[in-house]
$ cat input_27.tsv   # TSV, C-alpha atoms
chain	number	residue	atom	x	y	z
D	1	MET	CA	0.00	0.00	0.00
D	2	THR	CA	2.96	2.30	0.52
D	3	ASN	CA	4.93	1.09	-2.48
D	4	PRO	CA	6.43	3.78	-4.67
D	5	PRO	CA	4.52	4.34	-7.89
D	6	GLY	CA	5.39	1.79	-10.51
D	7	ALA	CA	7.02	-0.60	-8.07
D	8	ASP	CA	4.40	-3.26	-8.68
D	9	LEU	CA	2.48	-4.20	-11.74
D	10	HIS	CA	-1.14	-4.64	-10.85
D	11	LEU	CA	-1.84	-7.62	-13.02
D	12	PRO	CA	-4.30	-9.73	-11.11
D	13	GLU	CA	-4.00	-13.48	-11.05
D	14	GLY	CA	-5.80	-14.98	-14.00
D	15	CYS	CA	-4.91	-12.29	-16.44
D	16	MET	CA	-3.02	-13.07	-19.59
D	17	ALA	CA	0.60	-12.06	-19.89
D	18	GLY	CA	0.75	-8.29	-20.03
D	19	ILE	CA	-2.89	-7.78	-20.91
D	20	ALA	CA	-5.55	-7.34	-18.30
D	21	MET	CA	-8.23	-9.62	-19.70
D	22	HIS	CA	-10.82	-8.31	-17.32
D	23	GLU	CA	-10.60	-4.74	-18.58
D	24	LEU	CA	-10.36	-6.01	-22.14
D	25	SER	CA	-13.65	-7.83	-21.88
D	26	LEU	CA	-15.25	-4.82	-20.19
D	27	CYS	CA	-14.18	-2.71	-23.17
D	28	GLU	CA	-15.70	-5.22	-25.55
D	29	ASN	CA	-18.94	-4.81	-23.61
D	30	ILE	CA	-18.65	-1.04	-23.87
D	31	LEU	CA	-18.15	-1.23	-27.64
D	32	GLN	CA	-21.21	-3.48	-27.97
D	33	VAL	CA	-23.32	-0.87	-26.21
D	34	LEU	CA	-21.93	1.91	-28.43
D	35	GLU	CA	-22.70	-0.07	-31.57
D	36	GLN	CA	-26.13	-1.06	-30.43
D	37	GLN	CA	-27.00	2.50	-29.40
D	38	ALA	CA	-25.83	3.89	-32.76
D	39	ASP	CA	-29.10	2.76	-34.36
D	40	VAL	CA	-31.28	3.84	-31.49
D	41	GLN	CA	-29.70	7.26	-31.05
D	42	GLN	CA	-28.86	7.87	-34.71
D	43	TYR	CA	-25.14	8.49	-34.72
D	44	ARG	CA	-22.28	7.31	-36.88
D	45	LYS	CA	-19.27	8.25	-34.83
D	46	VAL	CA	-18.44	8.36	-31.15
D	47	LYS	CA	-15.99	11.10	-30.16
D	48	THR	CA	-16.04	10.94	-26.36
D	49	VAL	CA	-17.27	8.35	-23.88
D	50	TRP	CA	-17.98	9.25	-20.26
D	51	LEU	CA	-17.81	6.32	-17.88
D	52	GLU	CA	-18.66	6.22	-14.20
D	53	ILE	CA	-16.35	3.75	-12.49
D	54	GLY	CA	-16.71	3.07	-8.81
D	55	ALA	CA	-13.64	2.71	-6.62
D	56	LEU	CA	-14.91	-0.73	-5.56
D	57	ALA	CA	-15.76	-1.97	-9.06
D	58	GLY	CA	-12.51	-3.91	-9.34
D	59	VAL	CA	-11.42	-2.01	-12.44
D	60	GLU	CA	-7.87	-0.87	-13.09
D	61	ILE	CA	-8.37	2.48	-14.76
D	62	GLU	CA	-5.06	2.44	-16.61
D	63	ALA	CA	-5.70	-1.07	-17.93
D	64	LEU	CA	-9.15	0.06	-18.99
D	65	ARG	CA	-7.76	3.01	-20.97
D	66	PHE	CA	-5.17	0.81	-22.63
D	67	SER	CA	-7.75	-1.84	-23.55
D	68	PHE	CA	-10.27	0.72	-24.76
D	69	ASP	CA	-7.93	2.21	-27.34
D	70	MET	CA	-7.14	-1.29	-28.56
D	71	VAL	CA	-10.70	-2.55	-28.70
D	72	VAL	CA	-12.22	0.46	-30.50
D	73	GLN	CA	-9.67	0.48	-33.32
D	74	GLY	CA	-11.46	0.44	-36.65
D	75	SER	CA	-14.87	0.77	-35.00
D	76	LEU	CA	-17.28	3.69	-34.87
D	77	ALA	CA	-15.41	4.81	-31.74
D	78	ASP	CA	-11.93	4.75	-33.26
D	79	HIS	CA	-9.79	7.41	-31.53
D	80	ALA	CA	-12.62	8.30	-29.15
D	81	LEU	CA	-11.63	10.00	-25.92
D	82	LEU	CA	-12.33	8.13	-22.73
D	83	GLU	CA	-13.39	10.32	-19.81
D	84	ILE	CA	-13.59	8.50	-16.51
D	85	ILE	CA	-15.62	9.81	-13.62
D	86	GLU	CA	-14.40	8.03	-10.51
D	87	ILE	CA	-17.05	7.40	-7.89
D	88	PRO	CA	-15.79	6.99	-4.31
D	89	GLY	CA	-16.67	3.88	-2.35
D	90	GLN	CA	-19.32	4.38	0.27
D	91	ALA	CA	-20.80	2.00	2.81
D	92	TRP	CA	-23.40	2.00	5.55
D	93	CYS	CA	-21.93	1.30	8.97
D	94	SER	CA	-24.52	-0.46	11.09
D	95	SER	CA	-22.65	0.41	14.29
D	96	CYS	CA	-22.39	4.14	13.60
D	97	ASN	CA	-25.70	4.29	11.72
D	98	ARG	CA	-24.27	6.41	8.96
D	99	ASP	CA	-22.59	6.32	5.57
D	100	VAL	CA	-18.80	6.22	5.56
D	101	PHE	CA	-16.22	6.37	2.78
D	102	VAL	CA	-14.19	3.23	2.06
D	103	GLU	CA	-11.38	2.62	-0.40
D	104	GLN	CA	-11.48	-1.17	-0.40
D	105	ARG	CA	-14.07	-3.79	0.36
D	106	TYR	CA	-12.07	-4.93	3.38
D	107	ASP	CA	-11.77	-1.48	4.91
D	108	LEU	CA	-13.01	-1.17	8.46
D	109	CYS	CA	-15.28	1.67	9.45
D	110	PRO	CA	-12.96	4.73	9.73
D	111	HIS	CA	-14.90	5.91	12.79
D	112	CYS	CA	-15.57	2.85	14.92
D	113	GLY	CA	-13.42	0.09	13.38
D	114	SER	CA	-16.35	-2.23	12.73
D	115	HIS	CA	-16.39	-4.44	9.64
D	116	GLN	CA	-20.19	-4.61	9.59
D	117	LEU	CA	-20.28	-2.41	6.53
D	118	GLN	CA	-22.76	-2.61	3.69
D	119	VAL	CA	-21.37	-1.10	0.50
D	120	ASN	CA	-24.01	1.12	-1.07
D	121	SER	CA	-22.09	3.10	-3.65
D	122	GLY	CA	-18.87	2.82	-5.60
D	123	ASP	CA	-19.27	-0.57	-7.23
D	124	GLN	CA	-20.86	0.71	-10.42
D	125	MET	CA	-19.53	0.57	-13.96
D	126	ARG	CA	-21.76	2.70	-16.14
D	127	ILE	CA	-21.62	4.37	-19.50
D	128	LYS	CA	-22.98	7.76	-18.63
D	129	GLU	CA	-23.05	9.76	-21.83
D	130	LEU	CA	-21.48	10.12	-25.23
D	131	GLU	CA	-20.39	12.87	-27.54
D	132	VAL	CA	-21.36	11.68	-30.99
D	133	GLU	CA	-21.88	12.85	-34.52
Z	1	MET	CA	-30.74	-20.04	-34.15
Z	2	CYS	CA	-30.40	-18.70	-30.67
Z	3	GLY	CA	-33.82	-18.93	-29.11
Z	4	VAL	CA	-32.79	-17.94	-25.64
Z	5	CYS	CA	-30.94	-14.76	-26.43
Z	6	GLY	CA	-31.37	-13.97	-30.11
Z	7	CYS	CA	-27.63	-13.75	-30.68
Z	8	GLY	CA	-28.01	-11.94	-33.97
Z	9	GLU	CA	-28.00	-8.23	-33.54
Z	10	GLY	CA	-31.15	-6.16	-33.80
Z	11	HIS	CA	-33.20	-8.21	-31.39
Z	12	SER	CA	-35.71	-6.33	-29.39
Z	13	HIS	CA	-34.96	-5.17	-25.92
Z	14	SER	CA	-36.96	-2.71	-23.97
Z	15	HIS	CA	-35.44	0.49	-22.70
Z	16	ASP	CA	-37.35	1.70	-19.77
Z	17	HIS	CA	-35.57	4.99	-19.60
Z	18	ASP	CA	-37.23	7.52	-21.85
Z	19	HIS	CA	-35.51	10.57	-20.52
Z	20	GLU	CA	-32.91	10.95	-23.25
Z	21	HIS	CA	-34.21	14.24	-24.54
Z	22	SER	CA	-35.83	15.57	-21.46
Z	23	ASP	CA	-32.91	17.47	-20.05
Z	24	ASP	CA	-32.54	20.42	-22.32
Z	25	HIS	CA	-30.04	22.08	-20.11
Z	26	HIS	CA	-27.46	19.69	-21.42
Z	27	HIS	CA	-24.27	20.55	-23.26
Z	28	HIS	CA	-25.02	22.34	-26.46
Z	29	ASP	CA	-21.58	23.34	-27.47
Z	30	HIS	CA	-22.64	25.49	-30.35
Z	31	GLU	CA	-24.85	27.85	-28.48
Z	32	HIS	CA	-22.16	29.58	-26.50
Z	33	GLU	CA	-22.22	33.33	-26.69
Z	34	HIS	CA	-18.68	33.48	-27.95
Z	35	GLU	CA	-19.55	31.29	-30.88
Z	36	ALA	CA	-18.52	33.90	-33.40
Z	37	ALA	CA	-14.92	33.33	-32.40
Z	38	HIS	CA	-15.07	29.71	-33.51
Z	39	THR	CA	-14.13	28.82	-37.00
Z	40	HIS	CA	-16.70	26.14	-37.57
Z	41	ALA	CA	-20.05	27.02	-39.04
Z	42	PRO	CA	-23.13	26.14	-37.03
Z	43	GLY	CA	-24.93	23.18	-38.48
Z	44	LEU	CA	-21.89	21.83	-40.30
Z	45	SER	CA	-20.53	19.88	-37.39
Z	46	GLN	CA	-23.24	17.73	-35.90
Z	47	THR	CA	-21.53	16.89	-32.68
Z	48	ARG	CA	-24.05	16.34	-29.93
Z	49	MET	CA	-24.39	14.65	-26.57
Z	50	VAL	CA	-26.44	11.57	-25.90
Z	51	GLN	CA	-27.34	10.15	-22.54
Z	52	ILE	CA	-26.75	6.44	-22.21
Z	53	GLU	CA	-26.89	5.64	-18.50
Z	54	GLN	CA	-26.27	1.99	-19.12
Z	55	ASP	CA	-24.38	-0.50	-17.04
Z	56	ILE	CA	-21.32	-1.73	-18.90
Z	57	LEU	CA	-22.39	-5.28	-18.16
Z	58	ALA	CA	-26.03	-4.64	-19.07
Z	59	LYS	CA	-25.95	-7.15	-21.91
Z	60	ASN	CA	-24.46	-9.89	-19.78
Z	61	ASN	CA	-26.94	-9.04	-17.04
Z	62	ARG	CA	-29.85	-9.47	-19.44
Z	63	TYR	CA	-28.64	-12.94	-20.43
Z	64	ALA	CA	-28.09	-13.74	-16.76
Z	65	ALA	CA	-31.67	-12.72	-15.98
Z	66	GLU	CA	-32.85	-15.06	-18.75
Z	67	ASN	CA	-30.81	-17.92	-17.30
Z	68	ARG	CA	-32.13	-17.18	-13.82
Z	69	ARG	CA	-35.69	-17.31	-15.12
Z	70	TYR	CA	-34.91	-20.61	-16.89
Z	71	PHE	CA	-33.57	-22.10	-13.63
Z	72	GLY	CA	-36.49	-20.71	-11.67
Z	73	GLU	CA	-39.14	-22.16	-13.94
Z	74	ARG	CA	-37.56	-25.58	-13.66
Z	75	GLY	CA	-36.62	-25.56	-9.98
Z	76	ILE	CA	-32.97	-26.03	-10.88
Z	77	LEU	CA	-30.32	-25.05	-8.34
Z	78	ALA	CA	-27.46	-23.48	-10.30
Z	79	LEU	CA	-24.21	-22.82	-8.48
Z	80	ASN	CA	-21.29	-20.87	-9.89
Z	81	LEU	CA	-18.07	-22.36	-8.50
Z	82	VAL	CA	-15.16	-19.95	-8.53
Z	83	SER	CA	-11.58	-20.15	-7.27
Z	84	SER	CA	-8.00	-19.70	-8.32
Z	85	PRO	CA	-6.49	-22.51	-10.41
Z	86	GLY	CA	-5.57	-25.59	-8.38
Z	87	SER	CA	-7.91	-25.09	-5.42
Z	88	GLY	CA	-9.42	-28.52	-5.98
Z	89	LYS	CA	-12.72	-27.49	-7.57
Z	90	THR	CA	-12.94	-30.46	-9.89
Z	91	THR	CA	-11.99	-32.96	-7.19
Z	92	LEU	CA	-14.59	-31.43	-4.88
Z	93	LEU	CA	-17.12	-31.80	-7.68
Z	94	THR	CA	-16.32	-35.41	-8.54
Z	95	GLU	CA	-16.40	-36.43	-4.86
Z	96	THR	CA	-19.69	-34.57	-4.36
Z	97	ILE	CA	-21.22	-36.23	-7.39
Z	98	VAL	CA	-20.18	-39.70	-6.24
Z	99	LEU	CA	-21.88	-39.08	-2.89
Z	100	LEU	CA	-25.08	-37.55	-4.29
Z	101	LYS	CA	-25.74	-38.98	-7.73
Z	102	ASN	CA	-28.03	-41.75	-6.51
Z	103	GLU	CA	-30.21	-39.19	-4.73
Z	104	LEU	CA	-30.21	-36.19	-7.07
Z	105	ASP	CA	-30.01	-35.36	-10.76
Z	106	ILE	CA	-26.72	-33.58	-11.24
Z	107	MET	CA	-25.25	-31.86	-14.29
Z	108	VAL	CA	-22.10	-29.85	-14.82
Z	109	ILE	CA	-20.95	-27.03	-17.09
Z	110	GLU	CA	-17.16	-26.80	-17.14
Z	111	GLY	CA	-15.33	-23.62	-18.07
Z	112	ASP	CA	-11.65	-23.69	-18.97
Z	113	GLN	CA	-9.53	-21.78	-21.39
Z	114	GLN	CA	-8.44	-24.97	-23.11
Z	115	THR	CA	-8.98	-28.76	-23.07
Z	116	ALA	CA	-11.97	-30.89	-22.14
Z	117	ARG	CA	-10.06	-32.67	-19.36
Z	118	ASP	CA	-12.32	-31.48	-16.54
Z	119	ALA	CA	-15.53	-32.40	-18.37
Z	120	GLU	CA	-14.05	-35.85	-18.98
Z	121	ARG	CA	-13.30	-36.23	-15.26
Z	122	ILE	CA	-16.92	-35.33	-14.50
Z	123	ARG	CA	-18.35	-37.67	-17.15
Z	124	ALA	CA	-16.28	-40.49	-15.66
Z	125	THR	CA	-18.53	-40.25	-12.59
Z	126	GLY	CA	-21.54	-40.94	-14.80
Z	127	VAL	CA	-23.24	-37.53	-14.90
Z	128	PRO	CA	-23.64	-35.31	-17.98
Z	129	ALA	CA	-21.05	-32.56	-18.38
Z	130	LEU	CA	-20.49	-29.95	-21.04
Z	131	GLN	CA	-17.15	-28.26	-21.55
Z	132	ILE	CA	-16.96	-24.63	-22.60
Z	133	ASN	CA	-13.53	-23.51	-23.77
Z	134	THR	CA	-13.19	-19.78	-23.37
Z	135	GLY	CA	-10.00	-19.57	-25.43
Z	136	LYS	CA	-8.27	-16.40	-24.29
Z	137	GLY	CA	-11.32	-15.39	-22.26
Z	138	CYS	CA	-10.80	-15.40	-18.53
Z	139	HIS	CA	-14.37	-16.08	-17.38
Z	140	LEU	CA	-17.65	-17.64	-18.40
Z	141	ASP	CA	-20.37	-15.22	-19.43
Z	142	ALA	CA	-24.12	-15.59	-19.22
Z	143	HIS	CA	-24.51	-15.82	-22.99
Z	144	ARG	CA	-22.28	-18.88	-23.31
Z	145	VAL	CA	-23.95	-20.50	-20.35
Z	146	GLY	CA	-27.35	-19.91	-21.99
Z	147	HIS	CA	-26.17	-21.81	-25.05
Z	148	ALA	CA	-24.73	-24.57	-22.90
Z	149	LEU	CA	-28.19	-24.99	-21.34
Z	150	GLU	CA	-29.71	-25.51	-24.79
Z	151	THR	CA	-27.28	-28.35	-25.37
Z	152	LEU	CA	-27.22	-29.83	-21.89
Z	153	GLN	CA	-30.99	-29.61	-21.26
Z	154	PRO	CA	-30.77	-29.96	-17.49
Z	155	LEU	CA	-33.62	-31.88	-15.87
Z	156	ASN	CA	-36.23	-30.17	-13.72
Z	157	HIS	CA	-35.28	-30.01	-10.04
Z	158	SER	CA	-31.70	-30.91	-10.82
Z	159	LEU	CA	-28.49	-29.59	-9.34
Z	160	LEU	CA	-26.38	-27.72	-11.89
Z	161	PHE	CA	-22.76	-26.97	-11.09
Z	162	ILE	CA	-21.08	-24.35	-13.25
Z	163	GLU	CA	-17.34	-24.64	-12.74
Z	164	ASN	CA	-15.94	-21.29	-13.79
Z	165	VAL	CA	-12.48	-20.62	-15.19
Z	166	GLY	CA	-9.86	-20.71	-12.44
Z	167	ASN	CA	-9.53	-16.99	-11.76
Z	168	LEU	CA	-10.36	-14.91	-8.70
Z	169	VAL	CA	-10.88	-11.67	-10.61
Z	170	CYS	CA	-13.15	-11.51	-13.64
Z	171	PRO	CA	-15.80	-14.12	-12.76
Z	172	ALA	CA	-16.78	-11.89	-9.83
Z	173	SER	CA	-18.31	-9.34	-12.22
Z	174	PHE	CA	-20.07	-11.68	-14.61
Z	175	ASP	CA	-23.40	-12.90	-13.32
Z	176	LEU	CA	-24.37	-16.21	-14.92
Z	177	GLY	CA	-27.86	-16.38	-13.44
Z	178	GLU	CA	-26.76	-18.68	-10.62
Z	179	ALA	CA	-28.46	-18.89	-7.24
Z	180	HIS	CA	-25.12	-18.57	-5.45
Z	181	LYS	CA	-21.47	-18.06	-6.15
Z	182	VAL	CA	-19.43	-20.54	-4.14
Z	183	VAL	CA	-15.79	-19.58	-3.72
Z	184	ILE	CA	-13.31	-22.35	-2.99
Z	185	LEU	CA	-10.05	-21.58	-1.27
Z	186	SER	CA	-7.49	-24.24	-0.47
Z	187	VAL	CA	-5.24	-24.12	2.57
Z	188	THR	CA	-2.17	-24.32	0.33
Z	189	GLU	CA	-2.95	-20.76	-0.73
Z	190	GLY	CA	-2.34	-17.82	1.56
Z	191	GLU	CA	-4.82	-17.01	4.31
Z	192	ASP	CA	-4.93	-13.45	3.02
Z	193	LYS	CA	-6.52	-14.38	-0.33
Z	194	PRO	CA	-9.85	-12.83	0.72
Z	195	LEU	CA	-8.09	-9.49	1.22
Z	196	LYS	CA	-6.12	-9.78	-2.01
Z	197	TYR	CA	-9.20	-10.62	-4.09
Z	198	PRO	CA	-11.96	-8.90	-2.14
Z	199	ASP	CA	-14.41	-8.61	-5.02
Z	200	MET	CA	-14.75	-12.35	-5.39
Z	201	PHE	CA	-15.14	-13.04	-1.69
Z	202	HIS	CA	-17.63	-10.22	-1.51
Z	203	ALA	CA	-19.67	-11.65	-4.40
Z	204	ALA	CA	-19.78	-15.18	-2.95
Z	205	ASP	CA	-22.47	-16.45	-0.57
Z	206	LEU	CA	-20.51	-19.50	0.54
Z	207	MET	CA	-16.80	-20.06	0.97
Z	208	ILE	CA	-15.36	-23.55	1.10
Z	209	LEU	CA	-11.98	-23.95	2.72
Z	210	ASN	CA	-10.64	-27.05	0.98
Z	211	LYS	CA	-7.73	-29.45	1.52
Z	212	THR	CA	-7.96	-29.21	5.31
Z	213	ASP	CA	-6.20	-32.61	5.51
Z	214	LEU	CA	-2.99	-30.71	4.67
Z	215	LEU	CA	-3.26	-28.29	7.62
Z	216	PRO	CA	-0.78	-30.22	9.84
Z	217	TYR	CA	1.93	-29.63	7.24
Z	218	LEU	CA	1.31	-25.94	6.68
Z	219	ASP	CA	1.47	-22.64	8.56
Z	220	PHE	CA	-2.02	-21.72	7.39
Z	221	ASP	CA	-3.90	-19.73	10.04
Z	222	VAL	CA	-7.52	-20.85	9.64
Z	223	GLU	CA	-8.98	-18.38	12.12
Z	224	GLN	CA	-7.20	-15.47	10.49
Z	225	CYS	CA	-8.40	-16.57	7.05
Z	226	LEU	CA	-12.02	-16.82	8.17
Z	227	GLN	CA	-11.75	-13.43	9.80
Z	228	TYR	CA	-10.42	-11.88	6.60
Z	229	ALA	CA	-13.29	-13.43	4.65
Z	230	LYS	CA	-15.84	-12.04	7.12
Z	231	GLN	CA	-14.15	-8.66	6.95
Z	232	VAL	CA	-14.66	-8.51	3.19
Z	233	ASN	CA	-18.13	-10.02	3.35
Z	234	PRO	CA	-19.86	-10.09	6.75
Z	235	ARG	CA	-22.68	-12.25	5.31
Z	236	ILE	CA	-20.48	-15.03	3.89
Z	237	LYS	CA	-21.02	-18.58	5.14
Z	238	ILE	CA	-17.98	-20.78	5.54
Z	239	LEU	CA	-17.46	-24.54	5.42
Z	240	SER	CA	-14.12	-26.28	5.97
Z	241	LEU	CA	-13.59	-29.66	4.37
Z	242	SER	CA	-11.26	-32.04	2.64
Z	243	ALA	CA	-12.67	-33.39	-0.60
Z	244	LYS	CA	-9.89	-35.97	-0.54
Z	245	THR	CA	-10.48	-37.53	2.89
Z	246	GLY	CA	-14.19	-36.67	3.06
Z	247	GLU	CA	-13.83	-34.79	6.33
Z	248	GLY	CA	-16.47	-32.04	6.49
Z	249	MET	CA	-18.21	-33.15	3.31
Z	250	ASP	CA	-21.46	-33.93	5.16
Z	251	SER	CA	-22.04	-30.23	5.94
Z	252	TRP	CA	-21.51	-29.32	2.31
Z	253	LEU	CA	-23.96	-32.01	1.16
Z	254	ARG	CA	-26.53	-30.79	3.67
Z	255	TRP	CA	-26.11	-27.23	2.42
Z	256	LEU	CA	-26.62	-28.38	-1.17
Z	257	LYS	CA	-29.78	-30.32	-0.34
Z	258	ALA	CA	-31.20	-27.46	1.71
Z	259	GLU	CA	-30.56	-24.94	-1.09
Z	260	LEU	CA	-32.08	-27.27	-3.66
Z	261	GLU	CA	-35.13	-27.62	-1.46
Z	262	VAL	CA	-35.44	-23.83	-1.22
Z	263	GLN	CA	-35.22	-23.56	-5.00
Z	264	ARG	CA	-37.94	-26.19	-5.39
Z	265	ILE	CA	-40.24	-24.54	-2.88
Z	266	GLU	CA	-39.85	-21.09	-4.38
Z	267	TYR	CA	-40.90	-22.23	-7.83
Z	268	ALA	CA	-43.18	-25.11	-7.00

$ encode --input "input_27.tsv" --output "structure tokens"
Amino acid sequence: MTNPPGADLHLPEGCMAGIAMHELSLCENILQVLEQQADVQQYRKVKTVWLEIGALAGVEIEALRFSFDMVVQGSLADHALLEIIEIPGQAWCSSCNRDVFVEQRYDLCPHCGSHQLQVNSGDQMRIKELEVE
Amino acid sequence: MCGVCGCGEGHSHSHDHDHEHSDDHHHHDHEHEHEAAHTHAPGLSQTRMVQIEQDILAKNNRYAAENRRYFGERGILALNLVSSPGSGKTTLLTETIVLLKNELDIMVIEGDQQTARDAERIRATGVPALQINTGKGCHLDAHRVGHALETLQPLNHSLLFIENVGNLVCPASFDLGEAHKVVILSVTEGEDKPLKYPDMFHAADLMILNKTDLLPYLDFDVEQCLQYAKQVNPRIKILSLSAKTGEGMDSWLRWLKAELEVQRIEYA
């Protein structure tokens, strides 16, 4: 947790050499939504994609950016900008009876130290809006 | 060809959000007062904003909902077994099947990147098994599982095990329509796995601590491990067992039968 930046590569177990498969498949899902919405919303090109990514969603933002550029090549979103809105993790502490901020799922309540926390925000992965033409 | 999901594009799906055009206050880049300073002519560039508000996994979640409905209508208990590679998932499965196959109808969907070895191990016990090879994919998704159901045709009121690809990361996010995720952790792994892979332990309803017969030879701190798991997921239930020696298997079998009974009652 106190490692200097770049000291560790955050490639989770189960990911293919050098490529974070998880983020890659998320990007494929994003592209599917963009393509499917092109008919509904009448656009031919996607210029910017705004995503809401929760701190507890288990997504490596850098891996997501890398995968996105790769996945959208040659598609209607080729060279699209990816704007990521990070949503902080929030949980209900049943001891304190209030919402508290958490950075990880295993965090204890910052006020009382309890682990009886119910995450209620920060695990979302949503496509919020698009700039299209 | 795909009756469950309509694989081909253009299939109908309802959008229950009809607010796309209702917020007129939204970005209209070409109506700024300083527009005259811009070089582009109004109307030439048709850049505009569209609201999407869609979960990235919405498509998978729709297939998962279909699968869940399929299981519900048939009173099938579907369990999504997840773990890192080598935790003993397949051995746990084969031992479970041997103990239960005379009482219950059991079927298995096996997910691996390559080979049909696990499905063959399951078939050797005498129950139907279907292998899905995900190739480079690191998890099963609800769409593939839906197709596997078409082929496998699980019996009503049966117990369906879906053995996911050995991976503690991605399968946490991909709902398959299962009743429960069951995470298997073996004592040859570190006791801090729940902290290292919190999403998976958070997503699971049951954790099985496997290979307990090896505890005398290891420095594995069981209490600490269980505490870490509870820290990540205060609701998680935990069973300790050894699929190899059979120690603790009776609790697991009772849990399976109880859950199957619940599934049958709910959709009777």

$ atom_distance --input "input_27.tsv" --atom1 "atom CA of Z:Ile132" --atom2 "atom CA of Z:Ile208"
23.8 Å

$ atom_distance --input "input_27.tsv" --atom1 "atom CA of D:Ala57" --atom2 "atom CA of D:Val102"
12.4 Å

$ interface_residues --input "input_27.tsv" --of "chain D" --to "chain Z" --cutoff "6 Å" --atoms "only C-alpha atoms" --output "VMD selection string"
chain D and resid 14 22 30 105 to 106 115 125 to 133

$ residues_around --input "input_27.tsv" --residues "Z:Leu77" --least-positions-apart "3" --cutoff "7 Å" --atoms "only C-alpha atoms" --output "JSON, numbers by chain"
{"Z": [71, 158, 159, 160, 179, 260, 263]}

$ atom_distance --input "input_27.tsv" --atom1 "atom CA of D:Asn29" --atom2 "atom CA of Z:Lys181"
22.1 Å

$ axis_aligned_box --input "input_27.tsv" --around "stretch 146-163 of chain Z" --padding-each-side "8 Å" --output "AutoDock Vina command-line options"
--center_x -26.8 --center_y -25.9 --center_z -17.4 --size_x 34.9 --size_y 28.0 --size_z 32.0

$ closest_residue --input "input_27.tsv" --among "Z:Val98, Z:Leu214, Z:Leu104, Z:Val183" --to "Z:Ile236" --atoms "only C-alpha atoms"
Z:Val183

$ closest_residue --input "input_27.tsv" --among "Z:Asp205, Z:Glu150, Z:Glu95, Z:Asp112" --to "Z:Asp250" --atoms "only C-alpha atoms"
Z:Glu95

$ residues_around --input "input_27.tsv" --residues "D:Leu81" --least-positions-apart "6" --cutoff "8 Å" --atoms "all atoms listed in the file" --output "list in words"
Lys47, Thr48 and Val49 of chain D

$ write_last_selection --input "input_27.tsv" --atoms "C-alpha atoms" --output "mmCIF file, in the coordinates of the input"
data_model
loop_
_atom_site.group_PDB
_atom_site.id
_atom_site.type_symbol
_atom_site.label_atom_id
_atom_site.label_comp_id
_atom_site.auth_asym_id
_atom_site.auth_seq_id
_atom_site.Cartn_x
_atom_site.Cartn_y
_atom_site.Cartn_z
ATOM 1 C CA LYS D 47 -15.990 11.100 -30.160
ATOM 2 C CA THR D 48 -16.040 10.940 -26.360
ATOM 3 C CA VAL D 49 -17.270 8.350 -23.880
#

$ closest_residue --input "input_27.tsv" --among "Z:Leu226, Z:Ile109, Z:Val127, Z:Ile76" --to "Z:His147" --atoms "only C-alpha atoms"
Z:Ile109

$ closest_residue --input "input_27.tsv" --among "Z:His180, Z:His143, Z:Lys211, Z:Arg123" --to "Z:Ile97" --atoms "only C-alpha atoms"
Z:Arg123

$ closest_residue --input "input_27.tsv" --among "D:Asp69, D:Gly122, D:Gly58, D:Val40" --to "D:Leu82" --atoms "only C-alpha atoms"
D:Asp69

$ residues_near_point --input "input_27.tsv" --point "(-15.7, 4.0, 17.1)" --cutoff "12 Å" --atoms "all atoms listed in the file" --output "list in words"
Cys93, Ser94, Ser95, Cys96, Asn97, Leu108, Cys109, Pro110, His111, Cys112, Gly113, Ser114 and His115 of chain D

$ closest_residue --input "input_27.tsv" --among "D:Met70, D:Ala63, D:Ala77, D:Leu51" --to "D:Gln32" --atoms "only C-alpha atoms"
D:Ala77

$ residues_near_point --input "input_27.tsv" --point "(-18.0, 3.0, -4.0)" --cutoff "7 Å" --atoms "only C-alpha atoms" --output "MDAnalysis selection string"
chainID D and resid 54:56 87:90 119:123
